[in-house]
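S.K.: Handing you a structure now.
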Amino acid sequence: MNNIIEISDLSKSFSAPDGEGKVSVFSDVNLEITKGSSVAILGPSGSGKSTLLNIIGLLDEPTSGTIKVDQKKIIDLPEAEIAEYRNQKVGFVFQSHHLLPSCTVLENVMIPALAGFGELNGEALRCRATDLLNDVGMSHRSSHLPSQISGGEKQRVAVARALINSPSILLADEPTGALDKMNTNNLIDILKQLNEQKGVTLVMVTHSSDGANQMGEAYNLNDGNLDQLR
Ligand SMILES: Nc1ncnc2c1ncn2[C@@H]1O[C@H](COP(=O)(O)OP(=O)(O)O)[C@@H](O)[C@H]1O
Ligand SMILES: [Mg+2]
């Protein structure tokens, strides 16, 4: 039993905009993810990839089904435990960096540690943030503002920020969606390195076939079904 994530019979539907009926996104999705593995999720736009990732990250709720993380059921947790899970257990990287414009690169990386769930603070926090910036090749830009670095660099900072609380799972939703080929390859290399060296389990939604090929496993979400490609 080395699964970090176990998804069973997961279904999600949204109410139709006119309030009549439901629109099913996916149904009866089953997925087991091994601790420390790297998983790509592919699929056409609108197939539910973000919805699936958001449910794993407890940013959204399923209509039915269960998810266990480290053998513990995470659906229907009390609000305080949901907040702690989001802050400590998972790191998120989105297509857009969501860096705070008036905070420096270093401050942006430290921010998730200030939510009060972890022990990290003061000089130890600063050191960890600097180490992570070093891992993503951005320590030389610590005191820059987000407006003073490039798009690819912002995503690298967003990756460092996602890892500040040492999550065991990194959820990346089209992290290279706004990047050119060179920056895409660079970011995927960094994500893969962090996965291999730090053992963080990586679940990445991507349209980049090069990126998907670098992940250990790949799944395709289409027409409400999740199928393993390899
Ligand atoms: N809050 C919402 N309300 C209603 N429908 C939604 C909502 N969020 C997503 N959807 C629908 O669910 C489907 C899957 O969306 P999404 O997960 O964003 O797809 P993907 O990430 O694969 O492009 C789409 O058809 C989308 O319109
Ligand atoms: Mg999406």
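Scheme for the structure tokens: letters A, B, ... for chains in order shown; per-chain residue numbers from 1; ligand numbers from 1 in order shown.
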Output as CSV one row per residue of range 106-177 of chain A within 10 Å of range 32-48 of chain A: the closest atom pair and its distance in Å to one decimal place, counting only C-alpha atoms, sorted by chain and residue number ascending.
M.R.:
residue,atom,partner,partner_atom,distance
A:Ser168,CA,A:Gly36,CA,8.2
A:Ile169,CA,A:Gly36,CA,8.4
A:Leu170,CA,A:Ser38,CA,9.5
A:Leu171,CA,A:Val39,CA,9.8
A:Ala172,CA,A:Ala40,CA,9.5
A:Asp173,CA,A:Ile41,CA,9.2
A:Glu174,CA,A:Ile41,CA,9.6
S.K.: Could you write out that same residue set with all heavy atoms as a PDB file, in the first residue's frame?
M.R.:
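out-v3.pdb written:
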ATOM      1  N   SER A 168       3.175  17.119   0.473  1.00  0.00           N
ATOM      2  CA  SER A 168       3.542  15.832  -0.132  1.00  0.00           C
ATOM      3  C   SER A 168       2.993  15.708  -1.541  1.00  0.00           C
ATOM      4  O   SER A 168       3.371  14.801  -2.272  1.00  0.00           O
ATOM      5  CB  SER A 168       3.105  14.665   0.751  1.00  0.00           C
ATOM      6  OG  SER A 168       1.846  14.906   1.290  1.00  0.00           O
ATOM      7  N   ILE A 169       2.071  16.620  -1.920  1.00  0.00           N
ATOM      8  CA  ILE A 169       1.472  16.566  -3.263  1.00  0.00           C
ATOM      9  C   ILE A 169       1.572  17.940  -3.920  1.00  0.00           C
ATOM     10  O   ILE A 169       1.224  18.957  -3.308  1.00  0.00           O
ATOM     11  CB  ILE A 169      -0.029  16.178  -3.165  1.00  0.00           C
ATOM     12  CG1 ILE A 169      -0.198  14.838  -2.438  1.00  0.00           C
ATOM     13  CG2 ILE A 169      -0.667  16.122  -4.554  1.00  0.00           C
ATOM     14  CD1 ILE A 169      -1.635  14.552  -2.021  1.00  0.00           C
ATOM     15  N   LEU A 170       2.053  17.948  -5.157  1.00  0.00           N
ATOM     16  CA  LEU A 170       2.080  19.191  -5.932  1.00  0.00           C
ATOM     17  C   LEU A 170       1.083  19.053  -7.085  1.00  0.00           C
ATOM     18  O   LEU A 170       1.215  18.160  -7.925  1.00  0.00           O
ATOM     19  CB  LEU A 170       3.489  19.451  -6.459  1.00  0.00           C
ATOM     20  CG  LEU A 170       3.701  20.734  -7.257  1.00  0.00           C
ATOM     21  CD1 LEU A 170       3.336  21.973  -6.423  1.00  0.00           C
ATOM     22  CD2 LEU A 170       5.160  20.861  -7.716  1.00  0.00           C
ATOM     23  N   LEU A 171       0.074  19.904  -7.092  1.00  0.00           N
ATOM     24  CA  LEU A 171      -0.955  19.883  -8.129  1.00  0.00           C
ATOM     25  C   LEU A 171      -0.675  21.039  -9.082  1.00  0.00           C
ATOM     26  O   LEU A 171      -0.619  22.198  -8.654  1.00  0.00           O
ATOM     27  CB  LEU A 171      -2.346  20.044  -7.506  1.00  0.00           C
ATOM     28  CG  LEU A 171      -2.737  18.990  -6.461  1.00  0.00           C
ATOM     29  CD1 LEU A 171      -4.046  19.379  -5.769  1.00  0.00           C
ATOM     30  CD2 LEU A 171      -2.875  17.615  -7.115  1.00  0.00           C
ATOM     31  N   ALA A 172      -0.467  20.731 -10.346  1.00  0.00           N
ATOM     32  CA  ALA A 172      -0.124  21.779 -11.313  1.00  0.00           C
ATOM     33  C   ALA A 172      -1.143  21.748 -12.446  1.00  0.00           C
ATOM     34  O   ALA A 172      -1.284  20.740 -13.138  1.00  0.00           O
ATOM     35  CB  ALA A 172       1.292  21.546 -11.838  1.00  0.00           C
ATOM     36  N   ASP A 173      -1.875  22.850 -12.594  1.00  0.00           N
ATOM     37  CA  ASP A 173      -2.934  22.914 -13.604  1.00  0.00           C
ATOM     38  C   ASP A 173      -2.455  23.748 -14.790  1.00  0.00           C
ATOM     39  O   ASP A 173      -2.453  24.972 -14.734  1.00  0.00           O
ATOM     40  CB  ASP A 173      -4.194  23.531 -12.992  1.00  0.00           C
ATOM     41  CG  ASP A 173      -5.392  23.394 -13.916  1.00  0.00           C
ATOM     42  OD1 ASP A 173      -5.233  22.918 -15.060  1.00  0.00           O
ATOM     43  OD2 ASP A 173      -6.504  23.775 -13.491  1.00  0.00           O
ATOM     44  N   GLU A 174      -2.024  23.093 -15.834  1.00  0.00           N
ATOM     45  CA  GLU A 174      -1.459  23.740 -17.022  1.00  0.00           C
ATOM     46  C   GLU A 174      -0.428  24.803 -16.639  1.00  0.00           C
ATOM     47  O   GLU A 174      -0.529  25.962 -17.050  1.00  0.00           O
ATOM     48  CB  GLU A 174      -2.575  24.361 -17.879  1.00  0.00           C
ATOM     49  CG  GLU A 174      -3.552  23.319 -18.394  1.00  0.00           C
ATOM     50  CD  GLU A 174      -4.434  23.857 -19.508  1.00  0.00           C
ATOM     51  OE1 GLU A 174      -3.893  24.541 -20.387  1.00  0.00           O
ATOM     52  OE2 GLU A 174      -5.642  23.588 -19.480  1.00  0.00           O
TER      53      GLU A 174
END
S.K.: So which bits of range 58-192 of chain A end up strand (DSSP E) when you DSSP the backbone, as a count of residues only?
M.R.: 17
S.K.: May I ask for the distance between CA of Met204 in chain A and CA of Pro167 in chain A, given in Å to one decimal place?
M.R.: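 So the two atoms, CA of Met204 in chain A and CA of Pro167 in chain A, lie 15.0 Å apart.
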S.K.: Considering only C-alpha atoms, can you say which of A:Thr206, A:Thr176, A:Gln228, A:Asn54 comes closest to Val90 in chain A?
M.R.: A:Asn54
S.K.: Run DSSP on the backbone and tell me which residues of range 84-133 of chain A come out as alpha helix (DSSP H); list them as a list in words.
M.R.: Glu84, Val105, Leu106, Glu107, Asn108, Val109, Met110, Gly122, Glu123, Ala124, Leu125, Arg126, Cys127, Arg128, Ala129, Thr130, Asp131, Leu132 and Leu133 of chain A
S.K.: Using only C-alpha atoms and all ligand atoms, which of the listed residues (A:Leu52, A:Met215, A:Ala16, A:Met182) sits closest to ligand 2?
M.R.: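 Among A:Leu52, A:Met215, A:Ala16, A:Met182, it is A:Leu52 that comes nearest to ligand 2.
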S.K.: Might you pull out every residue within 8 Å of Glu61 in chain A, with only C-alpha atoms counted and same-chain residues fewer than 3 positions away left off, and present them as a VMD selection string?
M.R.: chain A and resid 55 58 75
S.K.: Keeping only N, CA, C and O atoms, write the selected residues to a file as a PDB file, in the first residue's frame.
M.R.:
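Okay, this is what ended up in result_27.pdb:
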ATOM      1  N   ILE A  55     -10.806  19.300  -7.049  1.00  0.00           N
ATOM      2  CA  ILE A  55     -11.425  18.429  -6.046  1.00  0.00           C
ATOM      3  C   ILE A  55     -10.338  17.739  -5.212  1.00  0.00           C
ATOM      4  O   ILE A  55     -10.442  17.650  -3.989  1.00  0.00           O
ATOM      5  N   LEU A  58      -9.135  20.096  -2.706  1.00  0.00           N
ATOM      6  CA  LEU A  58     -10.233  20.601  -1.867  1.00  0.00           C
ATOM      7  C   LEU A  58     -10.568  22.066  -2.143  1.00  0.00           C
ATOM      8  O   LEU A  58     -10.951  22.806  -1.242  1.00  0.00           O
ATOM      9  N   ILE A  75     -12.893  13.951   1.876  1.00  0.00           N
ATOM     10  CA  ILE A  75     -14.170  14.579   1.533  1.00  0.00           C
ATOM     11  C   ILE A  75     -14.977  14.713   2.829  1.00  0.00           C
ATOM     12  O   ILE A  75     -14.933  13.822   3.674  1.00  0.00           O
TER      13      ILE A  75
END
S.K.: Restricting the calculation to only C-alpha atoms and all ligand atoms, which member of A:His144, A:Lys22, A:Lys198, A:Lys49 is positioned closest to ligand 1?
M.R.: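 Smallest separation from ligand 1 among the options: A:Lys49.
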S.K.: Report, in Å to a single decimal, how far apart atom 7 (C, counted along the ligand's line) of ligand 1 and CA of Gly57 in chain A are.
M.R.: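 Taking CA of Gly57 in chain A and atom 7 (C, counted along the ligand's line) of ligand 1, their separation equals 15.8 Å.
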S.K.: Closest to ligand 1 among A:Ile56, A:Ile67, A:Val23, A:Leu99, using only C-alpha atoms and all ligand atoms?
M.R.: A:Val23
S.K.: Of the candidates A:Thr51, A:Ser102, A:Thr130, A:Asn2, which shows the shortest atom-to-atom distance to ligand 1, using only C-alpha atoms and all ligand atoms?
M.R.: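 Checking each of A:Thr51, A:Ser102, A:Thr130, A:Asn2 against ligand 1, counting only C-alpha atoms and all ligand atoms, the winner is A:Thr51.
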S.K.: For Ala212 in chain A, which of A:Asn108, A:Asn185, A:Gln88, A:Gln71 is the closest residue, counting only C-alpha atoms?
M.R.: A:Asn185
S.K.: Show me, as a PyMOL selection string, the residues that have an atom within 12 Å of range 113-124 of chain A when counting only C-alpha atoms, minus same-chain residues fewer than 2 positions from it.
M.R.: chain A and resi 80-89+91+107-111+126-131+160-167
S.K.: Mind pulling up the distance from CA of Ile7 in chain A to CA of Asn195 in chain A?
M.R.: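 Computing the Euclidean distance for CA of Asn195 in chain A and CA of Ile7 in chain A yields 20.9 Å.
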